[in-house]
Amino acid sequence: MCLKKDIDRLFSDGQTFLSYPLRIVYLPETGGDAPPSGISVLVSVPKKRIRRAVQRNRIKRLIREAFRLNKKEAADFCGQRGKRLHIAFMYICNDIKTYSGIEKAMLKALKIICRKENA
């Protein structure tokens with residue numbers, strides 16, 4: 001995600017839940033002015049929690065890789081319904097988690113999003 005308008009709308013109107021060590025905010029869009037179906041992602045690791053830039057960048061890479069490998073569920077959901085889905089992943093832990101911990105949180109988060117949107 002790169003448009004300030006989209007990011008502001010995501011955080012003002014989006015739904016939030018936790019999948020430790022991630023806080024997820026998501027906003028499904030449908031309608032006439034919505035762009036074509038797909039998923040846009042924002043990844044944030046605050047400097048307040050992880051001081052070193054090298055460590056923040058590593059965590060962001062791990063989150064993006066976990067999403068890339070597991071996005072098929074969410075992409076199928078968006079493709080079937082013609083929806084556009086905005087998702088923000090924010091890291092809320094004070095120490096560096098392993099890839100397996102981040103991937104487990106990512107799988108849980110994607111299942112929750114699909115379950116809430118299918119209901």
# chains A, B, ... in the order shown; residues from 1 in each chain; ligands from 1

call {"tool": "residues_around", "arguments": {"residues": "A:Arg49", "least_positions_apart": "2", "cutoff": "6 Å", "atoms": "only C-alpha atoms", "output": "PDB file with C-alpha atoms, in the first residue's frame"}}
result
ATOM      1  CA  PRO A  46       7.979   0.163  15.039  1.00  0.00           C
ATOM      2  CA  LYS A  47      11.315   1.678  15.976  1.00  0.00           C
ATOM      3  CA  ASN A  94       9.724  -6.496  21.841  1.00  0.00           C
TER       4      ASN A  94
END

call {"tool": "residues_around", "arguments": {"residues": "A:Ser19", "least_positions_apart": "4", "cutoff": "9 Å", "atoms": "only C-alpha atoms", "output": "list in words"}}
result
Arg23, Ile24, Lys104, Ala105, Met106, Lys108 and Ala109 of chain A

call {"tool": "write_last_selection", "arguments": {"atoms": "N, CA, C and O atoms", "output": "PDB file, in the first residue's frame"}}
result
ATOM      1  N   ARG A  23      -0.295  -7.646  14.996  1.00  0.00           N
ATOM      2  CA  ARG A  23      -1.595  -6.993  15.105  1.00  0.00           C
ATOM      3  C   ARG A  23      -2.041  -6.759  13.674  1.00  0.00           C
ATOM      4  O   ARG A  23      -1.299  -6.191  12.869  1.00  0.00           O
ATOM      5  N   ILE A  24      -3.240  -7.195  13.334  1.00  0.00           N
ATOM      6  CA  ILE A  24      -3.713  -7.129  11.969  1.00  0.00           C
ATOM      7  C   ILE A  24      -4.892  -6.170  11.893  1.00  0.00           C
ATOM      8  O   ILE A  24      -5.816  -6.235  12.694  1.00  0.00           O
ATOM      9  N   LYS A 104       3.257 -19.060  11.814  1.00  0.00           N
ATOM     10  CA  LYS A 104       2.098 -19.579  12.545  1.00  0.00           C
ATOM     11  C   LYS A 104       1.082 -18.457  12.785  1.00  0.00           C
ATOM     12  O   LYS A 104      -0.120 -18.644  12.590  1.00  0.00           O
ATOM     13  N   ALA A 105       1.568 -17.284  13.162  1.00  0.00           N
ATOM     14  CA  ALA A 105       0.684 -16.138  13.376  1.00  0.00           C
ATOM     15  C   ALA A 105       0.028 -15.707  12.062  1.00  0.00           C
ATOM     16  O   ALA A 105      -1.143 -15.335  12.033  1.00  0.00           O
ATOM     17  N   MET A 106       0.792 -15.770  10.976  1.00  0.00           N
ATOM     18  CA  MET A 106       0.267 -15.378   9.669  1.00  0.00           C
ATOM     19  C   MET A 106      -0.852 -16.326   9.224  1.00  0.00           C
ATOM     20  O   MET A 106      -1.902 -15.881   8.736  1.00  0.00           O
ATOM     21  N   LYS A 108      -2.794 -18.148  11.115  1.00  0.00           N
ATOM     22  CA  LYS A 108      -3.943 -17.898  11.979  1.00  0.00           C
ATOM     23  C   LYS A 108      -4.671 -16.637  11.532  1.00  0.00           C
ATOM     24  O   LYS A 108      -5.905 -16.611  11.452  1.00  0.00           O
ATOM     25  N   ALA A 109      -3.918 -15.594  11.205  1.00  0.00           N
ATOM     26  CA  ALA A 109      -4.518 -14.324  10.790  1.00  0.00           C
ATOM     27  C   ALA A 109      -5.294 -14.480   9.486  1.00  0.00           C
ATOM     28  O   ALA A 109      -6.418 -13.984   9.363  1.00  0.00           O
TER      29      ALA A 109
END

call {"tool": "select_by_dssp", "arguments": {"residues": "chain A", "states": "helix (DSSP H, G or I)", "output": "CSV table (one decimal) with all heavy atoms, in the first residue's frame"}}
result
chain,number,residue,atom,x,y,z
A,4,LYS,N,-1.7,7.5,0.8
A,4,LYS,CA,-2.1,7.9,2.1
A,4,LYS,C,-3.6,7.8,2.4
A,4,LYS,O,-4.0,7.4,3.5
A,4,LYS,CB,-1.6,9.3,2.3
A,4,LYS,CG,-1.8,9.8,3.7
A,4,LYS,CD,-1.1,11.1,4.0
A,4,LYS,CE,-1.4,11.8,5.3
A,4,LYS,NZ,-1.9,11.0,6.3
A,5,LYS,N,-4.4,8.1,1.4
A,5,LYS,CA,-5.8,8.0,1.5
A,5,LYS,C,-6.3,6.6,1.8
A,5,LYS,O,-7.1,6.4,2.7
A,5,LYS,CB,-6.5,8.4,0.2
A,5,LYS,CG,-8.0,8.3,0.1
A,5,LYS,CD,-8.5,8.8,-1.2
A,5,LYS,CE,-8.2,7.7,-2.2
A,5,LYS,NZ,-8.9,7.9,-3.5
A,6,ASP,N,-5.7,5.6,1.2
A,6,ASP,CA,-6.0,4.2,1.5
A,6,ASP,C,-5.6,3.8,2.9
A,6,ASP,O,-6.3,3.1,3.6
A,6,ASP,CB,-5.4,3.2,0.5
A,6,ASP,CG,-6.0,3.3,-0.9
A,6,ASP,OD1,-7.2,3.8,-1.0
A,6,ASP,OD2,-5.4,2.9,-1.9
A,7,ILE,N,-4.4,4.2,3.3
A,7,ILE,CA,-3.8,3.9,4.6
A,7,ILE,C,-4.7,4.5,5.7
A,7,ILE,O,-5.1,3.8,6.7
A,7,ILE,CB,-2.4,4.3,4.7
A,7,ILE,CG1,-1.5,3.5,3.8
A,7,ILE,CG2,-1.9,4.1,6.1
A,7,ILE,CD1,-0.1,3.9,3.6
A,8,ASP,N,-5.1,5.8,5.5
A,8,ASP,CA,-5.9,6.4,6.5
A,8,ASP,C,-7.3,5.7,6.6
A,8,ASP,O,-7.8,5.6,7.7
A,8,ASP,CB,-6.1,7.9,6.1
A,8,ASP,CG,-4.9,8.7,6.3
A,8,ASP,OD1,-4.0,8.3,7.0
A,8,ASP,OD2,-4.8,9.8,5.7
A,9,ARG,N,-7.9,5.4,5.5
A,9,ARG,CA,-9.2,4.7,5.5
A,9,ARG,C,-9.0,3.3,6.1
A,9,ARG,O,-9.9,2.9,6.9
A,9,ARG,CB,-9.7,4.5,4.1
A,9,ARG,CG,-11.1,4.1,4.0
A,9,ARG,CD,-11.8,4.1,2.7
A,9,ARG,NE,-11.0,3.3,1.7
A,9,ARG,CZ,-10.6,3.8,0.6
A,9,ARG,NH1,-10.8,5.1,0.2
A,9,ARG,NH2,-9.9,3.1,-0.3
A,10,LEU,N,-7.9,2.6,5.9
A,10,LEU,CA,-7.7,1.3,6.5
A,10,LEU,C,-7.7,1.4,8.0
A,10,LEU,O,-8.4,0.6,8.7
A,10,LEU,CB,-6.4,0.7,6.0
A,10,LEU,CG,-5.9,-0.6,6.7
A,10,LEU,CD1,-6.8,-1.7,6.4
A,10,LEU,CD2,-4.5,-0.9,6.3
A,11,PHE,N,-7.0,2.4,8.6
A,11,PHE,CA,-6.9,2.5,10.0
A,11,PHE,C,-8.1,3.1,10.7
A,11,PHE,O,-8.4,2.9,11.8
A,11,PHE,CB,-5.6,3.3,10.4
A,11,PHE,CG,-4.4,2.4,10.3
A,11,PHE,CD1,-3.5,2.7,9.2
A,11,PHE,CD2,-4.1,1.4,11.1
A,11,PHE,CE1,-2.3,1.9,9.1
A,11,PHE,CE2,-3.0,0.6,10.9
A,11,PHE,CZ,-2.1,0.9,9.9
A,12,SER,N,-8.9,3.9,9.9
A,12,SER,CA,-10.1,4.5,10.5
A,12,SER,C,-11.3,3.6,10.4
A,12,SER,O,-12.1,3.5,11.4
A,12,SER,CB,-10.4,5.8,9.8
A,12,SER,OG,-10.7,5.6,8.5
A,13,ASP,N,-11.4,2.8,9.3
A,13,ASP,CA,-12.6,2.0,9.1
A,13,ASP,C,-12.3,0.5,9.2
A,13,ASP,O,-13.3,-0.3,9.2
A,13,ASP,CB,-13.2,2.3,7.7
A,13,ASP,CG,-13.6,3.7,7.5
A,13,ASP,OD1,-13.9,4.4,8.6
A,13,ASP,OD2,-13.7,4.2,6.4
A,53,ALA,N,17.9,-0.9,12.9
A,53,ALA,CA,17.2,-1.0,11.6
A,53,ALA,C,17.5,-2.4,10.9
A,53,ALA,O,16.6,-2.9,10.2
A,53,ALA,CB,17.8,0.1,10.7
A,54,VAL,N,18.6,-3.0,11.1
A,54,VAL,CA,18.9,-4.3,10.5
A,54,VAL,C,17.9,-5.3,11.0
A,54,VAL,O,17.4,-6.1,10.2
A,54,VAL,CB,20.3,-4.7,10.9
A,54,VAL,CG1,20.6,-6.1,10.4
A,54,VAL,CG2,21.3,-3.8,10.2
A,55,GLN,N,17.6,-5.3,12.3
A,55,GLN,CA,16.6,-6.2,12.9
A,55,GLN,C,15.2,-5.9,12.4
A,55,GLN,O,14.4,-6.8,12.1
A,55,GLN,CB,16.7,-6.2,14.4
A,55,GLN,CG,18.0,-6.7,14.9
A,55,GLN,CD,18.2,-6.4,16.4
A,55,GLN,OE1,17.5,-5.6,17.0
A,55,GLN,NE2,19.1,-7.2,17.0
A,56,ARG,N,14.8,-4.6,12.3
A,56,ARG,CA,13.5,-4.3,11.8
A,56,ARG,C,13.3,-4.7,10.4
A,56,ARG,O,12.3,-5.3,10.0
A,56,ARG,CB,13.3,-2.7,11.8
A,56,ARG,CG,13.0,-2.2,13.2
A,56,ARG,CD,12.5,-0.8,13.2
A,56,ARG,NE,13.3,0.2,12.4
A,56,ARG,CZ,14.3,0.9,12.8
A,56,ARG,NH1,14.7,0.7,14.1
A,56,ARG,NH2,14.9,1.7,12.1
A,57,ASN,N,14.3,-4.6,9.5
A,57,ASN,CA,14.3,-5.0,8.1
A,57,ASN,C,14.2,-6.5,8.0
A,57,ASN,O,13.4,-7.0,7.2
A,57,ASN,CB,15.5,-4.5,7.3
A,57,ASN,CG,15.4,-3.0,7.2
A,57,ASN,OD1,14.4,-2.4,7.2
A,57,ASN,ND2,16.6,-2.4,7.0
A,58,ARG,N,14.9,-7.2,8.9
A,58,ARG,CA,14.8,-8.7,8.9
A,58,ARG,C,13.3,-9.2,9.2
A,58,ARG,O,12.8,-10.0,8.6
A,58,ARG,CB,15.8,-9.3,9.8
A,58,ARG,CG,15.6,-10.8,10.0
A,58,ARG,CD,16.8,-11.5,10.6
A,58,ARG,NE,16.5,-12.9,10.8
A,58,ARG,CZ,16.5,-13.8,9.9
A,58,ARG,NH1,16.6,-13.6,8.6
A,58,ARG,NH2,16.2,-15.1,10.2
A,59,ILE,N,12.8,-8.5,10.2
A,59,ILE,CA,11.4,-8.9,10.7
A,59,ILE,C,10.4,-8.6,9.5
A,59,ILE,O,9.5,-9.4,9.2
A,59,ILE,CB,11.0,-8.2,11.9
A,59,ILE,CG1,11.9,-8.7,13.1
A,59,ILE,CG2,9.5,-8.4,12.3
A,59,ILE,CD1,11.8,-7.9,14.4
A,60,LYS,N,10.6,-7.5,8.9
A,60,LYS,CA,9.7,-7.2,7.7
A,60,LYS,C,9.9,-8.2,6.6
A,60,LYS,O,8.9,-8.6,6.0
A,60,LYS,CB,10.0,-5.7,7.2
A,60,LYS,CG,9.5,-4.7,8.1
A,60,LYS,CD,9.5,-3.3,7.5
A,60,LYS,CE,10.9,-2.7,7.8
A,60,LYS,NZ,11.0,-1.3,7.3
A,61,ARG,N,11.1,-8.6,6.3
A,61,ARG,CA,11.3,-9.6,5.3
A,61,ARG,C,10.6,-10.9,5.7
A,61,ARG,O,10.0,-11.6,4.8
A,61,ARG,CB,12.8,-9.8,5.1
A,61,ARG,CG,13.4,-8.8,4.2
A,61,ARG,CD,14.8,-9.3,3.7
A,61,ARG,NE,15.7,-9.8,4.7
A,61,ARG,CZ,16.5,-9.1,5.5
A,61,ARG,NH1,16.7,-7.8,5.3
A,61,ARG,NH2,17.3,-9.8,6.3
A,62,LEU,N,10.7,-11.3,7.0
A,62,LEU,CA,10.1,-12.5,7.4
A,62,LEU,C,8.6,-12.5,7.3
A,62,LEU,O,7.9,-13.4,6.9
A,62,LEU,CB,10.5,-12.8,8.9
A,62,LEU,CG,11.9,-13.2,9.1
A,62,LEU,CD1,12.2,-13.4,10.6
A,62,LEU,CD2,12.3,-14.5,8.4
A,63,ILE,N,8.0,-11.3,7.6
A,63,ILE,CA,6.5,-11.2,7.5
A,63,ILE,C,6.1,-11.2,6.1
A,63,ILE,O,5.1,-11.9,5.7
A,63,ILE,CB,6.1,-9.9,8.2
A,63,ILE,CG1,6.3,-9.9,9.7
A,63,ILE,CG2,4.6,-9.6,7.9
A,63,ILE,CD1,6.1,-8.6,10.4
A,64,ARG,N,6.8,-10.5,5.2
A,64,ARG,CA,6.4,-10.5,3.8
A,64,ARG,C,6.6,-11.9,3.2
A,64,ARG,O,5.7,-12.4,2.4
A,64,ARG,CB,7.3,-9.5,3.0
A,64,ARG,CG,6.9,-8.1,3.2
A,64,ARG,CD,7.5,-7.2,2.2
A,64,ARG,NE,9.0,-7.2,2.3
A,64,ARG,CZ,9.7,-6.3,2.9
A,64,ARG,NH1,9.1,-5.3,3.5
A,64,ARG,NH2,11.0,-6.3,2.9
A,65,GLU,N,7.6,-12.7,3.6
A,65,GLU,CA,7.8,-14.0,3.1
A,65,GLU,C,6.7,-15.0,3.6
A,65,GLU,O,6.2,-15.8,2.8
A,65,GLU,CB,9.2,-14.5,3.5
A,65,GLU,CG,9.5,-15.9,2.9
A,65,GLU,CD,9.7,-16.0,1.4
A,65,GLU,OE1,9.7,-14.9,0.7
A,65,GLU,OE2,9.8,-17.1,0.9
A,66,ALA,N,6.3,-14.9,4.8
A,66,ALA,CA,5.3,-15.7,5.4
A,66,ALA,C,4.0,-15.4,4.7
A,66,ALA,O,3.2,-16.3,4.3
A,66,ALA,CB,5.1,-15.4,6.9
A,67,PHE,N,3.7,-14.1,4.3
A,67,PHE,CA,2.5,-13.8,3.6
A,67,PHE,C,2.6,-14.3,2.2
A,67,PHE,O,1.6,-14.9,1.7
A,67,PHE,CB,2.3,-12.3,3.6
A,67,PHE,CG,1.1,-11.9,2.8
A,67,PHE,CD1,-0.2,-12.0,3.3
A,67,PHE,CD2,1.2,-11.3,1.5
A,67,PHE,CE1,-1.3,-11.7,2.6
A,67,PHE,CE2,0.1,-11.0,0.8
A,67,PHE,CZ,-1.1,-11.2,1.3
A,68,ARG,N,3.7,-14.2,1.5
A,68,ARG,CA,3.8,-14.6,0.1
A,68,ARG,C,3.6,-16.1,0.0
A,68,ARG,O,2.9,-16.5,-0.9
A,68,ARG,CB,5.2,-14.3,-0.4
A,68,ARG,CG,5.4,-14.6,-1.8
A,68,ARG,CD,6.9,-14.4,-2.2
A,68,ARG,NE,7.8,-15.4,-1.7
A,68,ARG,CZ,8.0,-16.6,-2.2
A,68,ARG,NH1,7.4,-17.0,-3.3
A,68,ARG,NH2,8.8,-17.4,-1.6
A,69,LEU,N,4.1,-16.9,0.9
A,69,LEU,CA,3.9,-18.3,0.8
A,69,LEU,C,2.5,-18.8,1.2
A,69,LEU,O,2.1,-19.9,0.9
A,69,LEU,CB,5.0,-19.0,1.7
A,69,LEU,CG,6.4,-18.8,1.3
A,69,LEU,CD1,7.4,-19.5,2.3
A,69,LEU,CD2,6.6,-19.5,-0.1
A,70,ASN,N,1.8,-18.0,2.0
A,70,ASN,CA,0.5,-18.4,2.5
A,70,ASN,C,-0.7,-17.6,2.0
A,70,ASN,O,-1.8,-17.7,2.5
A,70,ASN,CB,0.5,-18.4,4.0
A,70,ASN,CG,1.5,-19.4,4.5
A,70,ASN,OD1,1.5,-20.6,4.3
A,70,ASN,ND2,2.5,-18.9,5.3
A,72,LYS,N,-2.4,-17.7,-0.7
A,72,LYS,CA,-3.4,-18.4,-1.6
A,72,LYS,C,-4.8,-18.4,-1.1
A,72,LYS,O,-5.7,-18.1,-1.9
A,72,LYS,CB,-2.9,-19.8,-1.9
A,72,LYS,CG,-3.8,-20.5,-3.0
A,72,LYS,CD,-3.1,-21.7,-3.5
A,72,LYS,CE,-3.9,-22.5,-4.5
A,72,LYS,NZ,-4.8,-21.8,-5.3
A,73,GLU,N,-5.0,-18.6,0.2
A,73,GLU,CA,-6.4,-18.7,0.7
A,73,GLU,C,-7.1,-17.3,0.6
A,73,GLU,O,-8.2,-17.2,0.1
A,73,GLU,CB,-6.3,-19.0,2.2
A,73,GLU,CG,-5.8,-20.3,2.6
A,73,GLU,CD,-5.7,-20.5,4.1
A,73,GLU,OE1,-6.1,-19.5,4.8
A,73,GLU,OE2,-5.3,-21.5,4.6
A,74,ALA,N,-6.4,-16.3,1.0
A,74,ALA,CA,-7.0,-14.9,0.9
A,74,ALA,C,-7.1,-14.5,-0.5
A,74,ALA,O,-8.1,-13.9,-0.9
A,74,ALA,CB,-6.1,-13.9,1.7
A,75,ALA,N,-6.2,-14.8,-1.4
A,75,ALA,CA,-6.3,-14.5,-2.8
A,75,ALA,C,-7.5,-15.2,-3.5
A,75,ALA,O,-8.2,-14.6,-4.3
A,75,ALA,CB,-5.0,-14.8,-3.5
A,76,ASP,N,-7.7,-16.4,-3.2
A,76,ASP,CA,-8.8,-17.2,-3.7
A,76,ASP,C,-10.2,-16.5,-3.3
A,76,ASP,O,-11.1,-16.4,-4.1
A,76,ASP,CB,-8.8,-18.6,-3.3
A,76,ASP,CG,-7.7,-19.4,-3.9
A,76,ASP,OD1,-7.2,-18.9,-5.0
A,76,ASP,OD2,-7.4,-20.5,-3.4
A,77,PHE,N,-10.2,-16.1,-2.0
A,77,PHE,CA,-11.4,-15.5,-1.5
A,77,PHE,C,-11.7,-14.2,-2.2
A,77,PHE,O,-12.8,-13.9,-2.6
A,77,PHE,CB,-11.2,-15.2,0.0
A,77,PHE,CG,-12.3,-14.3,0.6
A,77,PHE,CD1,-13.6,-14.8,0.8
A,77,PHE,CD2,-12.0,-13.0,0.9
A,77,PHE,CE1,-14.5,-13.9,1.3
A,77,PHE,CE2,-13.0,-12.2,1.4
A,77,PHE,CZ,-14.3,-12.6,1.6
A,78,CYS,N,-10.7,-13.4,-2.4
A,78,CYS,CA,-10.8,-12.1,-3.1
A,78,CYS,C,-11.2,-12.3,-4.6
A,78,CYS,O,-12.0,-11.6,-5.1
A,78,CYS,CB,-9.6,-11.3,-3.0
A,78,CYS,SG,-9.2,-10.7,-1.4
A,79,GLY,N,-10.6,-13.3,-5.2
A,79,GLY,CA,-10.9,-13.5,-6.6
A,79,GLY,C,-12.3,-14.0,-6.9
A,79,GLY,O,-13.0,-13.6,-7.8
A,80,GLN,N,-12.8,-14.8,-5.9
A,80,GLN,CA,-14.2,-15.3,-6.1
A,80,GLN,C,-15.2,-14.2,-5.9
A,80,GLN,O,-16.2,-14.2,-6.6
A,80,GLN,CB,-14.5,-16.4,-5.0
A,80,GLN,CG,-13.7,-17.7,-5.3
A,80,GLN,CD,-13.8,-18.7,-4.1
A,80,GLN,OE1,-14.4,-18.3,-3.1
A,80,GLN,NE2,-13.2,-19.8,-4.2
A,81,ARG,N,-15.0,-13.4,-5.0
A,81,ARG,CA,-16.0,-12.4,-4.6
A,81,ARG,C,-15.8,-11.0,-5.4
A,81,ARG,O,-16.6,-10.1,-5.2
A,81,ARG,CB,-15.9,-12.1,-3.1
A,81,ARG,CG,-16.0,-13.3,-2.3
A,81,ARG,CD,-17.5,-13.5,-1.9
A,81,ARG,NE,-17.7,-14.8,-1.3
A,81,ARG,CZ,-17.9,-15.0,0.0
A,81,ARG,NH1,-18.0,-14.0,0.8
A,81,ARG,NH2,-18.1,-16.2,0.5
A,99,TYR,N,11.1,-17.4,12.2
A,99,TYR,CA,10.2,-17.5,11.0
A,99,TYR,C,9.0,-18.4,11.3
A,99,TYR,O,7.9,-18.1,11.0
A,99,TYR,CB,10.9,-18.0,9.8
A,99,TYR,CG,10.0,-18.2,8.6
A,99,TYR,CD1,9.5,-17.1,7.9
A,99,TYR,CD2,9.6,-19.5,8.3
A,99,TYR,CE1,8.7,-17.3,6.9
A,99,TYR,CE2,8.7,-19.6,7.2
A,99,TYR,CZ,8.3,-18.6,6.5
A,99,TYR,OH,7.4,-18.7,5.5
A,100,SER,N,9.2,-19.5,12.0
A,100,SER,CA,8.1,-20.4,12.3
A,100,SER,C,7.1,-19.7,13.2
A,100,SER,O,5.9,-20.0,13.0
A,100,SER,CB,8.6,-21.7,13.0
A,100,SER,OG,9.3,-21.4,14.2
A,101,GLY,N,7.5,-18.9,14.1
A,101,GLY,CA,6.5,-18.2,15.0
A,101,GLY,C,5.7,-17.2,14.2
A,101,GLY,O,4.5,-17.0,14.4
A,102,ILE,N,6.4,-16.5,13.3
A,102,ILE,CA,5.7,-15.5,12.5
A,102,ILE,C,4.8,-16.2,11.5
A,102,ILE,O,3.6,-15.7,11.2
A,102,ILE,CB,6.7,-14.6,11.7
A,102,ILE,CG1,7.4,-13.7,12.8
A,102,ILE,CG2,6.1,-13.7,10.7
A,102,ILE,CD1,8.5,-12.9,12.3
A,103,GLU,N,5.2,-17.3,10.9
A,103,GLU,CA,4.4,-18.0,9.9
A,103,GLU,C,3.1,-18.6,10.6
A,103,GLU,O,2.0,-18.5,10.0
A,103,GLU,CB,5.2,-19.1,9.3
A,103,GLU,CG,4.4,-19.8,8.2
A,103,GLU,CD,5.2,-20.9,7.5
A,103,GLU,OE1,6.0,-21.6,8.2
A,103,GLU,OE2,4.9,-21.1,6.3
A,104,LYS,N,3.3,-19.1,11.8
A,104,LYS,CA,2.1,-19.6,12.5
A,104,LYS,C,1.1,-18.5,12.8
A,104,LYS,O,-0.1,-18.6,12.6
A,104,LYS,CB,2.5,-20.2,13.9
A,104,LYS,CG,1.4,-20.9,14.6
A,104,LYS,CD,1.8,-21.3,16.0
A,104,LYS,CE,2.9,-22.2,16.1
A,104,LYS,NZ,3.3,-22.7,17.4
A,105,ALA,N,1.6,-17.3,13.2
A,105,ALA,CA,0.7,-16.1,13.4
A,105,ALA,C,0.0,-15.7,12.1
A,105,ALA,O,-1.1,-15.3,12.0
A,105,ALA,CB,1.5,-15.0,14.0
A,106,MET,N,0.8,-15.8,11.0
A,106,MET,CA,0.3,-15.4,9.7
A,106,MET,C,-0.9,-16.3,9.2
A,106,MET,O,-1.9,-15.9,8.7
A,106,MET,CB,1.4,-15.4,8.6
A,106,MET,CG,1.0,-15.0,7.3
A,106,MET,SD,0.5,-13.3,7.1
A,106,MET,CE,2.0,-12.5,7.5
A,107,LEU,N,-0.7,-17.6,9.4
A,107,LEU,CA,-1.7,-18.6,9.0
A,107,LEU,C,-3.0,-18.4,9.8
A,107,LEU,O,-4.1,-18.4,9.3
A,107,LEU,CB,-1.2,-20.0,9.2
A,107,LEU,CG,-0.2,-20.5,8.2
A,107,LEU,CD1,0.5,-21.8,8.7
A,107,LEU,CD2,-0.8,-20.7,6.9
A,108,LYS,N,-2.8,-18.1,11.1
A,108,LYS,CA,-3.9,-17.9,12.0
A,108,LYS,C,-4.7,-16.6,11.5
A,108,LYS,O,-5.9,-16.6,11.5
A,108,LYS,CB,-3.5,-17.8,13.4
A,108,LYS,CG,-4.6,-17.5,14.4
A,108,LYS,CD,-4.0,-17.4,15.8
A,108,LYS,CE,-5.1,-16.9,16.8
A,108,LYS,NZ,-4.5,-16.6,18.1
A,109,ALA,N,-3.9,-15.6,11.2
A,109,ALA,CA,-4.5,-14.3,10.8
A,109,ALA,C,-5.3,-14.5,9.5
A,109,ALA,O,-6.4,-14.0,9.4
A,109,ALA,CB,-3.4,-13.3,10.6
A,110,LEU,N,-4.7,-15.2,8.5
A,110,LEU,CA,-5.4,-15.3,7.2
A,110,LEU,C,-6.7,-16.2,7.4
A,110,LEU,O,-7.7,-15.9,6.7
A,110,LEU,CB,-4.5,-15.9,6.2
A,110,LEU,CG,-3.3,-15.0,5.8
A,110,LEU,CD1,-2.4,-15.8,4.8
A,110,LEU,CD2,-3.8,-13.8,5.1
A,111,LYS,N,-6.6,-17.2,8.3
A,111,LYS,CA,-7.8,-18.0,8.5
A,111,LYS,C,-8.9,-17.1,9.1
A,111,LYS,O,-10.1,-17.3,8.8
A,111,LYS,CB,-7.5,-19.2,9.4
A,111,LYS,CG,-6.8,-20.3,8.6
A,111,LYS,CD,-6.5,-21.4,9.6
A,111,LYS,CE,-5.6,-22.5,8.8
A,111,LYS,NZ,-5.2,-23.6,9.7
A,112,ILE,N,-8.5,-16.3,10.1
A,112,ILE,CA,-9.5,-15.4,10.8
A,112,ILE,C,-10.1,-14.5,9.8
A,112,ILE,O,-11.4,-14.3,9.8
A,112,ILE,CB,-8.9,-14.7,11.9
A,112,ILE,CG1,-8.6,-15.6,13.1
A,112,ILE,CG2,-9.8,-13.6,12.4
A,112,ILE,CD1,-7.7,-15.1,14.2
A,113,ILE,N,-9.3,-13.9,8.9
A,113,ILE,CA,-9.9,-12.9,7.9
A,113,ILE,C,-10.8,-13.6,7.0
A,113,ILE,O,-11.9,-13.1,6.7
A,113,ILE,CB,-8.7,-12.3,7.1
A,113,ILE,CG1,-7.9,-11.3,8.0
A,113,ILE,CG2,-9.2,-11.5,5.9
A,113,ILE,CD1,-6.7,-10.8,7.4
A,114,CYS,N,-10.5,-14.8,6.5
A,114,CYS,CA,-11.4,-15.5,5.5
A,114,CYS,C,-12.6,-15.9,6.2
A,114,CYS,O,-13.7,-15.9,5.7
A,114,CYS,CB,-10.6,-16.7,5.0
A,114,CYS,SG,-9.4,-16.3,3.8
A,115,ARG,N,-12.5,-16.4,7.5
A,115,ARG,CA,-13.7,-16.8,8.2
A,115,ARG,C,-14.7,-15.6,8.5
A,115,ARG,O,-15.9,-15.8,8.3
A,115,ARG,CB,-13.3,-17.5,9.6
A,115,ARG,CG,-14.5,-18.1,10.3
A,115,ARG,CD,-14.0,-18.8,11.6
A,115,ARG,NE,-13.5,-17.8,12.5
A,115,ARG,CZ,-12.4,-18.0,13.2
A,115,ARG,NH1,-11.8,-19.2,13.2
A,115,ARG,NH2,-11.9,-17.1,14.0
A,116,LYS,N,-14.1,-14.5,8.9
A,116,LYS,CA,-15.0,-13.3,9.1
A,116,LYS,C,-15.6,-12.8,7.9
A,116,LYS,O,-16.8,-12.4,7.9
A,116,LYS,CB,-14.1,-12.2,9.8
A,116,LYS,CG,-13.8,-12.4,11.2
A,116,LYS,CD,-13.1,-11.3,11.8
A,116,LYS,CE,-12.9,-11.5,13.3
A,116,LYS,NZ,-12.2,-10.3,13.9
A,117,GLU,N,-14.9,-12.8,6.8
A,117,GLU,CA,-15.5,-12.3,5.5
A,117,GLU,C,-16.4,-13.3,4.9
A,117,GLU,O,-17.3,-12.9,4.1
A,117,GLU,CB,-14.3,-12.0,4.6
A,117,GLU,CG,-13.6,-10.7,5.0
A,117,GLU,CD,-14.5,-9.5,5.3
A,117,GLU,OE1,-15.3,-9.2,4.4
A,117,GLU,OE2,-14.4,-9.0,6.4
A,118,ASN,N,-16.3,-14.6,5.2
A,118,ASN,CA,-17.3,-15.6,4.6
A,118,ASN,C,-18.6,-15.6,5.3
A,118,ASN,O,-19.6,-16.0,4.8
A,118,ASN,CB,-16.7,-17.0,4.6
A,118,ASN,CG,-15.6,-17.2,3.5
A,118,ASN,OD1,-15.7,-16.5,2.5
A,118,ASN,ND2,-14.7,-18.1,3.7

call {"tool": "residues_around", "arguments": {"residues": "A:Pro21", "least_positions_apart": "5", "cutoff": "6 Å", "atoms": "only C-alpha atoms", "output": "ChimeraX atom specification"}}
result
/A:91-93

call {"tool": "write_last_selection", "arguments": {"atoms": "N, CA and C atoms", "output": "mmCIF file, in the first residue's frame"}}
result
data_model
loop_
_atom_site.group_PDB
_atom_site.id
_atom_site.type_symbol
_atom_site.label_atom_id
_atom_site.label_comp_id
_atom_site.auth_asym_id
_atom_site.auth_seq_id
_atom_site.Cartn_x
_atom_site.Cartn_y
_atom_site.Cartn_z
ATOM 1 N N TYR A 91 4.000 -5.467 13.803
ATOM 2 C CA TYR A 91 4.741 -6.318 14.733
ATOM 3 C C TYR A 91 4.646 -5.693 16.114
ATOM 4 N N ILE A 92 4.209 -6.453 17.126
ATOM 5 C CA ILE A 92 3.988 -5.871 18.447
ATOM 6 C C ILE A 92 4.870 -6.474 19.535
ATOM 7 N N CYS A 93 5.800 -7.337 19.164
ATOM 8 C CA CYS A 93 6.659 -7.997 20.142
ATOM 9 C C CYS A 93 7.929 -7.163 20.349
#

call {"tool": "atom_distance", "arguments": {"atom1": "atom CA of A:Leu42", "atom2": "atom CA of A:Ile87"}}
result
6.3 Å

call {"tool": "closest_residue", "arguments": {"among": "A:Leu22, A:Glu29, A:Ser44, A:Gly82", "to": "A:Lys97", "atoms": "only C-alpha atoms"}}
result
A:Leu22
